[in-house]
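First up is the structure itself, then whatever we jot down about it.
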Amino acid sequence: MPTERLTDGTERALLENTLDRNREALVETLRGLSEADARRRLVASLSTPISVVKHAAAAERIWFQRFWAGLEESECDGYSKRDVGTFTVTDDETVADVIAEYERASQRSREIAARFELDDTKEFPGEGTVSMRWTLLAMIQEFARHAGHGDILREQIDQPLS
(Lines give C-alpha, C1' and ligand atoms only; values in the text may rest on other atoms or scores of the structure.)
Protein backbone atom coordinates (compact mmCIF):
# COMPACT_ATOMS: atom_id res chain seq x y z
CA MET A 1 0.00 0.00 0.00
CA PRO A 2 1.49 3.36 -0.99
CA THR A 3 2.47 5.77 1.74
CA GLU A 4 -0.09 8.54 2.12
CA ARG A 5 1.30 11.93 1.10
CA LEU A 6 1.63 14.32 4.02
CA THR A 7 1.43 18.04 3.31
CA ASP A 8 1.30 19.24 6.89
CA GLY A 9 2.87 18.10 10.13
CA THR A 10 6.14 18.22 11.97
CA GLU A 11 9.34 18.71 10.06
CA ARG A 12 10.39 15.16 10.95
CA ALA A 13 7.12 13.65 9.76
CA LEU A 14 7.31 15.55 6.47
CA LEU A 15 10.94 14.55 5.85
CA GLU A 16 10.32 10.89 6.64
CA ASN A 17 7.15 10.82 4.57
CA THR A 18 8.87 12.38 1.56
CA LEU A 19 11.77 9.95 1.88
CA ASP A 20 9.42 6.96 2.08
CA ARG A 21 7.46 8.16 -0.95
CA ASN A 22 10.71 8.49 -2.92
CA ARG A 23 11.76 5.00 -1.81
CA GLU A 24 8.45 3.65 -3.07
CA ALA A 25 8.72 5.55 -6.36
CA LEU A 26 12.15 4.02 -6.95
CA VAL A 27 10.90 0.48 -6.26
CA GLU A 28 7.94 1.03 -8.60
CA THR A 29 10.34 1.64 -11.50
CA LEU A 30 11.55 -1.96 -11.08
CA ARG A 31 8.39 -3.76 -10.00
CA GLY A 32 6.77 -5.86 -12.71
CA LEU A 33 9.77 -6.03 -15.05
CA SER A 34 11.01 -9.34 -16.34
CA GLU A 35 14.41 -10.49 -15.11
CA ALA A 36 15.87 -9.77 -18.56
CA ASP A 37 14.36 -6.28 -18.84
CA ALA A 38 15.46 -5.40 -15.30
CA ARG A 39 19.07 -6.02 -16.38
CA ARG A 40 18.94 -4.25 -19.76
CA ARG A 41 21.76 -1.75 -20.27
CA LEU A 42 20.14 1.20 -22.01
CA VAL A 43 22.68 3.87 -21.07
CA ALA A 44 26.47 4.01 -20.96
CA SER A 45 26.62 4.01 -17.14
CA LEU A 46 26.09 0.98 -14.89
CA SER A 47 22.45 2.03 -14.42
CA THR A 48 19.91 -0.67 -15.15
CA PRO A 49 16.53 -0.79 -13.44
CA ILE A 50 17.70 -3.48 -11.03
CA SER A 51 21.14 -2.00 -10.40
CA VAL A 52 19.71 1.39 -9.45
CA VAL A 53 17.61 -0.20 -6.70
CA LYS A 54 20.61 -2.31 -5.61
CA HIS A 55 22.67 0.90 -5.41
CA ALA A 56 19.96 2.55 -3.30
CA ALA A 57 20.07 -0.35 -0.81
CA ALA A 58 23.81 0.22 -0.45
CA ALA A 59 23.25 3.96 0.03
CA GLU A 60 20.84 3.17 2.87
CA ARG A 61 23.51 1.00 4.51
CA ILE A 62 26.33 3.47 3.98
CA TRP A 63 24.50 6.38 5.55
CA PHE A 64 22.42 4.73 8.25
CA GLN A 65 24.15 1.47 9.18
CA ARG A 66 27.78 2.49 8.64
CA PHE A 67 27.71 6.20 9.38
CA TRP A 68 24.90 6.75 11.90
CA ALA A 69 24.89 3.35 13.65
CA GLY A 70 28.68 3.03 13.43
CA LEU A 71 28.58 -0.55 12.17
CA GLU A 72 31.54 -2.18 10.50
CA GLU A 73 31.04 -3.39 6.95
CA SER A 74 30.84 -7.00 8.17
CA GLU A 75 27.95 -6.06 10.49
CA CYS A 76 25.81 -4.59 7.71
CA ASP A 77 23.12 -6.59 5.96
CA GLY A 78 24.73 -6.22 2.54
CA TYR A 79 27.22 -4.28 0.47
CA SER A 80 28.18 -0.98 2.08
CA LYS A 81 31.29 0.42 0.43
CA ARG A 82 31.26 3.80 -1.31
CA ASP A 83 32.26 2.60 -4.78
CA VAL A 84 30.81 1.32 -8.06
CA GLY A 85 30.25 -2.08 -6.45
CA THR A 86 26.97 -0.67 -5.17
CA PHE A 87 25.55 -1.25 -8.66
CA THR A 88 26.58 -4.94 -8.81
CA VAL A 89 23.74 -7.44 -9.13
CA THR A 90 24.72 -11.10 -9.24
CA ASP A 91 23.20 -13.48 -11.78
CA ASP A 92 21.33 -15.39 -9.08
CA GLU A 93 19.61 -12.29 -7.63
CA THR A 94 16.06 -11.75 -8.84
CA VAL A 95 13.99 -8.60 -9.10
CA ALA A 96 12.05 -9.78 -6.05
CA ASP A 97 15.30 -10.39 -4.14
CA VAL A 98 16.61 -6.88 -4.85
CA ILE A 99 13.30 -5.22 -3.96
CA ALA A 100 13.18 -7.19 -0.70
CA GLU A 101 16.81 -6.26 0.03
CA TYR A 102 16.08 -2.58 -0.52
CA GLU A 103 12.95 -2.70 1.62
CA ARG A 104 14.90 -4.41 4.45
CA ALA A 105 17.68 -1.82 4.23
CA SER A 106 15.09 0.99 4.23
CA GLN A 107 13.35 -0.43 7.29
CA ARG A 108 16.65 -0.70 9.12
CA SER A 109 17.40 2.91 8.14
CA ARG A 110 14.09 4.03 9.63
CA GLU A 111 14.91 2.23 12.89
CA ILE A 112 18.38 3.77 13.07
CA ALA A 113 17.19 7.27 12.16
CA ALA A 114 14.54 7.11 14.91
CA ARG A 115 17.34 6.96 17.51
CA PHE A 116 18.53 10.46 16.57
CA GLU A 117 17.13 13.96 16.66
CA LEU A 118 17.21 16.01 13.45
CA ASP A 119 19.86 18.29 14.96
CA ASP A 120 22.15 15.44 16.05
CA THR A 121 25.47 15.57 14.21
CA LYS A 122 28.48 13.40 13.50
CA GLU A 123 31.74 14.03 11.72
CA PHE A 124 32.02 12.31 8.36
CA PRO A 125 35.44 12.23 6.69
CA GLY A 126 35.28 14.17 3.46
CA GLU A 127 31.83 15.59 4.22
CA GLY A 128 32.40 17.47 7.48
CA THR A 129 29.75 17.82 10.16
CA VAL A 130 26.60 16.00 9.09
CA SER A 131 23.22 16.24 10.82
CA MET A 132 20.42 13.70 10.71
CA ARG A 133 18.35 16.41 9.01
CA TRP A 134 20.96 16.72 6.25
CA THR A 135 21.11 12.92 5.90
CA LEU A 136 17.35 12.64 5.44
CA LEU A 137 17.42 15.48 2.90
CA ALA A 138 20.36 13.89 1.07
CA MET A 139 18.50 10.56 0.87
CA ILE A 140 15.37 12.33 -0.41
CA GLN A 141 17.50 13.92 -3.13
CA GLU A 142 19.34 10.67 -3.91
CA PHE A 143 16.25 8.53 -4.24
CA ALA A 144 14.25 11.16 -6.14
CA ARG A 145 17.10 11.41 -8.65
CA HIS A 146 17.35 7.64 -8.98
CA ALA A 147 13.57 7.26 -9.28
CA GLY A 148 13.83 9.69 -12.21
CA HIS A 149 16.59 7.56 -13.73
CA GLY A 150 14.39 4.52 -13.20
CA ASP A 151 11.42 6.25 -14.82
CA ILE A 152 13.47 6.99 -17.93
CA LEU A 153 14.87 3.44 -18.10
CA ARG A 154 11.39 2.02 -17.60
CA GLU A 155 10.00 4.26 -20.34
CA GLN A 156 12.70 3.00 -22.73
CA ILE A 157 11.77 -0.60 -21.88
CA ASP A 158 7.99 -0.17 -21.93
CA GLN A 159 7.78 2.11 -24.99
CA PRO A 160 10.92 1.75 -27.12
CA LEU A 161 11.40 4.23 -29.93
CA SER A 162 10.67 2.79 -33.35
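In the C-alpha coordinates, the first chain shown is A, the next is B, and so on; residue numbers restart at 1 for each chain, and ligands run from 1 in the order shown.
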Determine, for each residue of segment 90-115 of chain A having at least one atom at most 12 Å from an atom of segment 27-36 of chain A, the closest pair of atoms and their separation in Å to one decimal, counting only C-alpha atoms; order by chain and ascending number, as CSV.
```
residue,atom,partner,partner_atom,distance
A:Thr90,CA,A:Glu35,CA,11.9
A:Asp91,CA,A:Glu35,CA,9.9
A:Asp92,CA,A:Glu35,CA,10.4
A:Glu93,CA,A:Glu35,CA,9.3
A:Thr94,CA,A:Glu35,CA,6.6
A:Val95,CA,A:Glu35,CA,6.3
A:Ala96,CA,A:Arg31,CA,8.1
A:Asp97,CA,A:Glu35,CA,11.0
A:Val98,CA,A:Leu30,CA,9.4
A:Ile99,CA,A:Val27,CA,6.6
A:Ala100,CA,A:Val27,CA,9.7
A:Glu101,CA,A:Val27,CA,10.9
A:Tyr102,CA,A:Val27,CA,8.3
A:Glu103,CA,A:Val27,CA,8.7
A:Ser106,CA,A:Val27,CA,11.3
```
Write out, as a JSON list (two decimals), in the first residue's frame, the residues just selected, with all heavy atoms.
```json
[["chain", "number", "residue", "atom", "x", "y", "z"],
["A", 90, "THR", "N", 24.24, -9.78, -8.81],
["A", 90, "THR", "CA", 24.72, -11.10, -9.24],
["A", 90, "THR", "C", 23.67, -11.79, -10.11],
["A", 90, "THR", "O", 22.48, -11.44, -10.06],
["A", 90, "THR", "CB", 25.08, -11.99, -8.04],
["A", 90, "THR", "OG1", 23.90, -12.23, -7.27],
["A", 90, "THR", "CG2", 26.15, -11.33, -7.18],
["A", 91, "ASP", "N", 24.10, -12.76, -10.88],
["A", 91, "ASP", "CA", 23.20, -13.48, -11.78],
["A", 91, "ASP", "C", 22.09, -14.22, -11.05],
["A", 91, "ASP", "O", 21.02, -14.42, -11.61],
["A", 91, "ASP", "CB", 24.00, -14.47, -12.64],
["A", 91, "ASP", "CG", 24.90, -13.79, -13.65],
["A", 91, "ASP", "OD1", 24.66, -12.60, -13.95],
["A", 91, "ASP", "OD2", 25.84, -14.45, -14.13],
["A", 92, "ASP", "N", 22.35, -14.62, -9.81],
["A", 92, "ASP", "CA", 21.33, -15.39, -9.08],
["A", 92, "ASP", "C", 20.35, -14.51, -8.30],
["A", 92, "ASP", "O", 19.40, -15.01, -7.71],
["A", 92, "ASP", "CB", 21.99, -16.41, -8.15],
["A", 92, "ASP", "CG", 22.83, -15.77, -7.06],
["A", 92, "ASP", "OD1", 23.40, -14.69, -7.29],
["A", 92, "ASP", "OD2", 22.93, -16.37, -5.97],
["A", 93, "GLU", "N", 20.54, -13.19, -8.31],
["A", 93, "GLU", "CA", 19.61, -12.29, -7.63],
["A", 93, "GLU", "C", 18.45, -11.96, -8.57],
["A", 93, "GLU", "O", 18.66, -11.58, -9.72],
["A", 93, "GLU", "CB", 20.30, -11.00, -7.21],
["A", 93, "GLU", "CG", 21.30, -11.21, -6.09],
["A", 93, "GLU", "CD", 21.99, -9.92, -5.72],
["A", 93, "GLU", "OE1", 22.78, -9.41, -6.55],
["A", 93, "GLU", "OE2", 21.74, -9.42, -4.62],
["A", 94, "THR", "N", 17.25, -12.06, -8.05],
["A", 94, "THR", "CA", 16.06, -11.75, -8.84],
["A", 94, "THR", "C", 15.57, -10.34, -8.53],
["A", 94, "THR", "O", 16.00, -9.72, -7.56],
["A", 94, "THR", "CB", 14.92, -12.74, -8.52],
["A", 94, "THR", "OG1", 14.51, -12.53, -7.16],
["A", 94, "THR", "CG2", 15.36, -14.19, -8.74],
["A", 95, "VAL", "N", 14.64, -9.89, -9.35],
["A", 95, "VAL", "CA", 13.99, -8.60, -9.10],
["A", 95, "VAL", "C", 13.38, -8.61, -7.70],
["A", 95, "VAL", "O", 13.56, -7.67, -6.91],
["A", 95, "VAL", "CB", 12.92, -8.30, -10.17],
["A", 95, "VAL", "CG1", 12.02, -7.15, -9.76],
["A", 95, "VAL", "CG2", 13.58, -8.03, -11.52],
["A", 96, "ALA", "N", 12.68, -9.68, -7.37],
["A", 96, "ALA", "CA", 12.05, -9.78, -6.05],
["A", 96, "ALA", "C", 13.09, -9.74, -4.94],
["A", 96, "ALA", "O", 12.87, -9.11, -3.90],
["A", 96, "ALA", "CB", 11.21, -11.06, -5.95],
["A", 97, "ASP", "N", 14.22, -10.40, -5.15],
["A", 97, "ASP", "CA", 15.30, -10.39, -4.14],
["A", 97, "ASP", "C", 15.81, -8.97, -3.90],
["A", 97, "ASP", "O", 16.00, -8.55, -2.76],
["A", 97, "ASP", "CB", 16.50, -11.24, -4.60],
["A", 97, "ASP", "CG", 16.21, -12.72, -4.67],
["A", 97, "ASP", "OD1", 15.29, -13.20, -3.99],
["A", 97, "ASP", "OD2", 16.95, -13.40, -5.43],
["A", 98, "VAL", "N", 16.05, -8.22, -4.97],
["A", 98, "VAL", "CA", 16.61, -6.88, -4.85],
["A", 98, "VAL", "C", 15.60, -5.92, -4.23],
["A", 98, "VAL", "O", 15.96, -5.08, -3.39],
["A", 98, "VAL", "CB", 17.16, -6.39, -6.20],
["A", 98, "VAL", "CG1", 17.55, -4.92, -6.14],
["A", 98, "VAL", "CG2", 18.35, -7.25, -6.62],
["A", 99, "ILE", "N", 14.34, -6.05, -4.60],
["A", 99, "ILE", "CA", 13.30, -5.22, -3.96],
["A", 99, "ILE", "C", 13.24, -5.52, -2.47],
["A", 99, "ILE", "O", 13.21, -4.61, -1.64],
["A", 99, "ILE", "CB", 11.94, -5.41, -4.64],
["A", 99, "ILE", "CG1", 11.95, -4.79, -6.04],
["A", 99, "ILE", "CG2", 10.81, -4.81, -3.78],
["A", 99, "ILE", "CD1", 10.70, -5.08, -6.87],
["A", 100, "ALA", "N", 13.24, -6.80, -2.11],
["A", 100, "ALA", "CA", 13.18, -7.19, -0.70],
["A", 100, "ALA", "C", 14.42, -6.68, 0.05],
["A", 100, "ALA", "O", 14.31, -6.21, 1.19],
["A", 100, "ALA", "CB", 13.05, -8.70, -0.56],
["A", 101, "GLU", "N", 15.58, -6.76, -0.58],
["A", 101, "GLU", "CA", 16.81, -6.26, 0.03],
["A", 101, "GLU", "C", 16.71, -4.76, 0.30],
["A", 101, "GLU", "O", 17.06, -4.28, 1.38],
["A", 101, "GLU", "CB", 18.00, -6.55, -0.88],
["A", 101, "GLU", "CG", 19.30, -5.95, -0.42],
["A", 101, "GLU", "CD", 20.43, -6.11, -1.42],
["A", 101, "GLU", "OE1", 20.29, -6.84, -2.42],
["A", 101, "GLU", "OE2", 21.47, -5.46, -1.21],
["A", 102, "TYR", "N", 16.22, -4.03, -0.68],
["A", 102, "TYR", "CA", 16.08, -2.58, -0.52],
["A", 102, "TYR", "C", 15.06, -2.24, 0.57],
["A", 102, "TYR", "O", 15.29, -1.35, 1.39],
["A", 102, "TYR", "CB", 15.68, -1.93, -1.85],
["A", 102, "TYR", "CG", 15.50, -0.44, -1.76],
["A", 102, "TYR", "CD1", 16.54, 0.38, -1.30],
["A", 102, "TYR", "CD2", 14.32, 0.16, -2.12],
["A", 102, "TYR", "CE1", 16.39, 1.75, -1.21],
["A", 102, "TYR", "CE2", 14.15, 1.53, -2.03],
["A", 102, "TYR", "CZ", 15.18, 2.31, -1.57],
["A", 102, "TYR", "OH", 15.02, 3.67, -1.47],
["A", 103, "GLU", "N", 13.96, -2.96, 0.60],
["A", 103, "GLU", "CA", 12.95, -2.70, 1.62],
["A", 103, "GLU", "C", 13.47, -3.03, 3.02],
["A", 103, "GLU", "O", 13.18, -2.31, 3.97],
["A", 103, "GLU", "CB", 11.66, -3.45, 1.29],
["A", 103, "GLU", "CG", 10.97, -2.83, 0.07],
["A", 103, "GLU", "CD", 9.76, -3.58, -0.42],
["A", 103, "GLU", "OE1", 9.58, -4.79, -0.08],
["A", 103, "GLU", "OE2", 8.97, -2.97, -1.17],
["A", 106, "SER", "N", 15.87, -0.21, 3.92],
["A", 106, "SER", "CA", 15.09, 0.99, 4.23],
["A", 106, "SER", "C", 14.47, 0.90, 5.62],
["A", 106, "SER", "O", 14.47, 1.88, 6.37],
["A", 106, "SER", "CB", 13.98, 1.20, 3.19],
["A", 106, "SER", "OG", 14.53, 1.40, 1.91]]
```
- For segment 113-124 of chain A, work out the shell of residues within 8 Å, counting only C-alpha atoms and skipping chain neighbours fewer than 4 positions away, then give it as a list in words.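 Within the cut-off, the hits are Arg12, Phe64, Phe67, Trp68, Ser109, Gly128, Thr129, Val130, Ser131, Met132 and Arg133 of chain A.
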Would you mind exporting all heavy atoms of the selected residues as an mmCIF file, in the first residue's frame?
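Saved as selection-v3.cif:
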```
data_model
loop_
_atom_site.group_PDB
_atom_site.id
_atom_site.type_symbol
_atom_site.label_atom_id
_atom_site.label_comp_id
_atom_site.auth_asym_id
_atom_site.auth_seq_id
_atom_site.Cartn_x
_atom_site.Cartn_y
_atom_site.Cartn_z
ATOM 1 N N ARG A 12 9.940 16.553 10.989
ATOM 2 C CA ARG A 12 10.390 15.161 10.954
ATOM 3 C C ARG A 12 9.409 14.298 10.167
ATOM 4 O O ARG A 12 9.808 13.501 9.317
ATOM 5 C CB ARG A 12 10.550 14.635 12.388
ATOM 6 C CG ARG A 12 11.016 13.203 12.511
ATOM 7 C CD ARG A 12 12.495 13.171 12.434
ATOM 8 N NE ARG A 12 13.078 11.865 12.447
ATOM 9 C CZ ARG A 12 14.128 11.556 13.202
ATOM 10 N NH1 ARG A 12 14.648 12.434 14.033
ATOM 11 N NH2 ARG A 12 14.661 10.374 13.102
ATOM 12 N N PHE A 64 23.072 5.026 6.973
ATOM 13 C CA PHE A 64 22.420 4.733 8.247
ATOM 14 C C PHE A 64 23.148 3.649 9.051
ATOM 15 O O PHE A 64 23.412 3.847 10.234
ATOM 16 C CB PHE A 64 20.945 4.374 8.024
ATOM 17 C CG PHE A 64 20.152 5.538 7.517
ATOM 18 C CD1 PHE A 64 19.881 5.677 6.163
ATOM 19 C CD2 PHE A 64 19.694 6.522 8.375
ATOM 20 C CE1 PHE A 64 19.166 6.776 5.688
ATOM 21 C CE2 PHE A 64 18.979 7.619 7.926
ATOM 22 C CZ PHE A 64 18.717 7.738 6.578
ATOM 23 N N PHE A 67 27.426 4.886 8.830
ATOM 24 C CA PHE A 67 27.705 6.205 9.382
ATOM 25 C C PHE A 67 26.975 6.443 10.702
ATOM 26 O O PHE A 67 27.595 6.685 11.731
ATOM 27 C CB PHE A 67 27.384 7.293 8.360
ATOM 28 C CG PHE A 67 27.610 8.680 8.893
ATOM 29 C CD1 PHE A 67 28.879 9.125 9.185
ATOM 30 C CD2 PHE A 67 26.547 9.534 9.094
ATOM 31 C CE1 PHE A 67 29.102 10.404 9.693
ATOM 32 C CE2 PHE A 67 26.751 10.817 9.593
ATOM 33 C CZ PHE A 67 28.029 11.250 9.894
ATOM 34 N N TRP A 68 25.647 6.391 10.688
ATOM 35 C CA TRP A 68 24.904 6.751 11.896
ATOM 36 C C TRP A 68 24.965 5.687 12.973
ATOM 37 O O TRP A 68 25.144 6.008 14.149
ATOM 38 C CB TRP A 68 23.456 7.118 11.557
ATOM 39 C CG TRP A 68 23.396 8.507 11.013
ATOM 40 C CD1 TRP A 68 23.300 8.870 9.695
ATOM 41 C CD2 TRP A 68 23.501 9.727 11.749
ATOM 42 N NE1 TRP A 68 23.333 10.238 9.584
ATOM 43 C CE2 TRP A 68 23.453 10.789 10.830
ATOM 44 C CE3 TRP A 68 23.630 10.017 13.114
ATOM 45 C CZ2 TRP A 68 23.521 12.126 11.222
ATOM 46 C CZ3 TRP A 68 23.701 11.350 13.505
ATOM 47 C CH2 TRP A 68 23.646 12.381 12.566
ATOM 48 N N SER A 109 17.078 1.475 8.119
ATOM 49 C CA SER A 109 17.404 2.907 8.144
ATOM 50 C C SER A 109 16.404 3.681 8.985
ATOM 51 O O SER A 109 16.780 4.564 9.761
ATOM 52 C CB SER A 109 17.428 3.474 6.726
ATOM 53 O OG SER A 109 18.461 2.898 5.971
ATOM 54 N N GLY A 128 32.448 16.502 6.390
ATOM 55 C CA GLY A 128 32.398 17.467 7.479
ATOM 56 C C GLY A 128 31.361 17.073 8.505
ATOM 57 O O GLY A 128 31.058 15.898 8.689
ATOM 58 N N THR A 129 30.788 18.064 9.162
ATOM 59 C CA THR A 129 29.755 17.818 10.163
ATOM 60 C C THR A 129 28.439 17.559 9.443
ATOM 61 O O THR A 129 28.010 18.353 8.618
ATOM 62 C CB THR A 129 29.610 19.026 11.110
ATOM 63 O OG1 THR A 129 30.880 19.273 11.710
ATOM 64 C CG2 THR A 129 28.572 18.762 12.189
ATOM 65 N N VAL A 130 27.819 16.430 9.771
ATOM 66 C CA VAL A 130 26.598 16.003 9.091
ATOM 67 C C VAL A 130 25.504 15.808 10.140
ATOM 68 O O VAL A 130 25.712 15.116 11.138
ATOM 69 C CB VAL A 130 26.845 14.679 8.327
ATOM 70 C CG1 VAL A 130 25.561 14.136 7.741
ATOM 71 C CG2 VAL A 130 27.894 14.875 7.240
ATOM 72 N N SER A 131 24.354 16.414 9.910
ATOM 73 C CA SER A 131 23.219 16.240 10.822
ATOM 74 C C SER A 131 22.287 15.155 10.275
ATOM 75 O O SER A 131 22.320 14.811 9.087
ATOM 76 C CB SER A 131 22.437 17.552 10.968
ATOM 77 O OG SER A 131 21.773 17.876 9.761
ATOM 78 N N MET A 132 21.441 14.655 11.160
ATOM 79 C CA MET A 132 20.423 13.700 10.708
ATOM 80 C C MET A 132 19.495 14.396 9.720
ATOM 81 O O MET A 132 19.073 13.802 8.734
ATOM 82 C CB MET A 132 19.647 13.137 11.901
ATOM 83 C CG MET A 132 18.515 12.191 11.502
ATOM 84 S SD MET A 132 18.991 10.806 10.413
ATOM 85 C CE MET A 132 19.935 9.802 11.544
ATOM 86 N N ARG A 133 19.193 15.658 9.946
ATOM 87 C CA ARG A 133 18.345 16.410 9.013
ATOM 88 C C ARG A 133 18.969 16.392 7.615
ATOM 89 O O ARG A 133 18.304 16.094 6.625
ATOM 90 C CB ARG A 133 18.159 17.852 9.489
ATOM 91 C CG ARG A 133 17.358 18.725 8.527
ATOM 92 C CD ARG A 133 17.234 20.159 9.032
ATOM 93 N NE ARG A 133 16.343 20.234 10.183
ATOM 94 C CZ ARG A 133 16.733 20.344 11.450
ATOM 95 N NH1 ARG A 133 18.033 20.423 11.748
ATOM 96 N NH2 ARG A 133 15.854 20.394 12.427
#
```
- Query: Residues of segment 27-110 of chain A in alpha helix (DSSP H) according to DSSP, as a VMD selection string?
  - Reply: chain A and resid 27 to 28 35 to 38 49 to 60 95 to 110
- Which value, in Å to one decimal, gives the distance between atom CA of Thr135 of chain A and atom CA of Leu153 of chain A? 26.6 Å
Write out as a tab-separated table (two decimals) with all heavy atoms, in the first residue's frame the set of residues from segment 116-150 of chain A that DSSP, computed on the backbone, places in strand (DSSP E or B).
```
chain	number	residue	atom	x	y	z
A	121	THR	N	24.43	15.52	15.24
A	121	THR	CA	25.47	15.57	14.21
A	121	THR	C	26.56	14.56	14.50
A	121	THR	O	26.75	14.13	15.64
A	121	THR	CB	26.11	16.97	14.10
A	121	THR	OG1	26.72	17.30	15.35
A	121	THR	CG2	25.09	18.03	13.70
A	122	LYS	N	27.28	14.24	13.43
A	122	LYS	CA	28.48	13.40	13.50
A	122	LYS	C	29.46	13.94	12.47
A	122	LYS	O	29.05	14.56	11.48
A	122	LYS	CB	28.14	11.93	13.17
A	122	LYS	CG	27.35	11.22	14.25
A	122	LYS	CD	27.09	9.78	13.88
A	122	LYS	CE	28.34	8.98	14.17
A	122	LYS	NZ	28.13	7.53	14.01
A	123	GLU	N	30.71	13.65	12.69
A	123	GLU	CA	31.74	14.03	11.72
A	123	GLU	C	31.88	12.91	10.70
A	123	GLU	O	32.00	11.74	11.06
A	123	GLU	CB	33.08	14.29	12.41
A	123	GLU	CG	33.07	15.51	13.30
A	123	GLU	CD	32.73	16.79	12.55
A	123	GLU	OE1	33.28	17.03	11.45
A	123	GLU	OE2	31.88	17.56	13.06
A	124	PHE	N	31.87	13.28	9.45
A	124	PHE	CA	32.02	12.31	8.36
A	124	PHE	C	33.22	12.73	7.54
A	124	PHE	O	33.22	13.81	6.95
A	124	PHE	CB	30.76	12.30	7.50
A	124	PHE	CG	30.69	11.15	6.55
A	124	PHE	CD1	29.99	10.00	6.90
A	124	PHE	CD2	31.30	11.21	5.31
A	124	PHE	CE1	29.90	8.94	6.01
A	124	PHE	CE2	31.22	10.15	4.43
A	124	PHE	CZ	30.53	9.01	4.78
A	128	GLY	N	32.45	16.50	6.39
A	128	GLY	CA	32.40	17.47	7.48
A	128	GLY	C	31.36	17.07	8.50
A	128	GLY	O	31.06	15.90	8.69
A	129	THR	N	30.79	18.06	9.16
A	129	THR	CA	29.75	17.82	10.16
A	129	THR	C	28.44	17.56	9.44
A	129	THR	O	28.01	18.35	8.62
A	129	THR	CB	29.61	19.03	11.11
A	129	THR	OG1	30.88	19.27	11.71
A	129	THR	CG2	28.57	18.76	12.19
A	130	VAL	N	27.82	16.43	9.77
A	130	VAL	CA	26.60	16.00	9.09
A	130	VAL	C	25.50	15.81	10.14
A	130	VAL	O	25.71	15.12	11.14
A	130	VAL	CB	26.84	14.68	8.33
A	130	VAL	CG1	25.56	14.14	7.74
A	130	VAL	CG2	27.89	14.87	7.24
A	131	SER	N	24.35	16.41	9.91
A	131	SER	CA	23.22	16.24	10.82
A	131	SER	C	22.29	15.15	10.28
A	131	SER	O	22.32	14.81	9.09
A	131	SER	CB	22.44	17.55	10.97
A	131	SER	OG	21.77	17.88	9.76
```
- Task: Give me, please, the distance in Å between atom CA of Asp20 of chain A and atom CA of Val89 of chain A, quoted to one decimal.
- Result: 23.2 Å
- Query: What lies within 8 Å of Thr18 of chain A using only C-alpha atoms, ignoring chain neighbours under 4 positions off, as an MDAnalysis selection string?
  - Reply: chainID A and resid 5:6 14 22 140
- Message: Need to verify the contact set: Cys76 of chain A, 12 Å, only C-alpha atoms, exclusion of same-chain residues closer than 5 positions in sequence. Can you return it as a ChimeraX atom specification?
- Response: /A:57-67,69-71,81,101,104-105,108-109
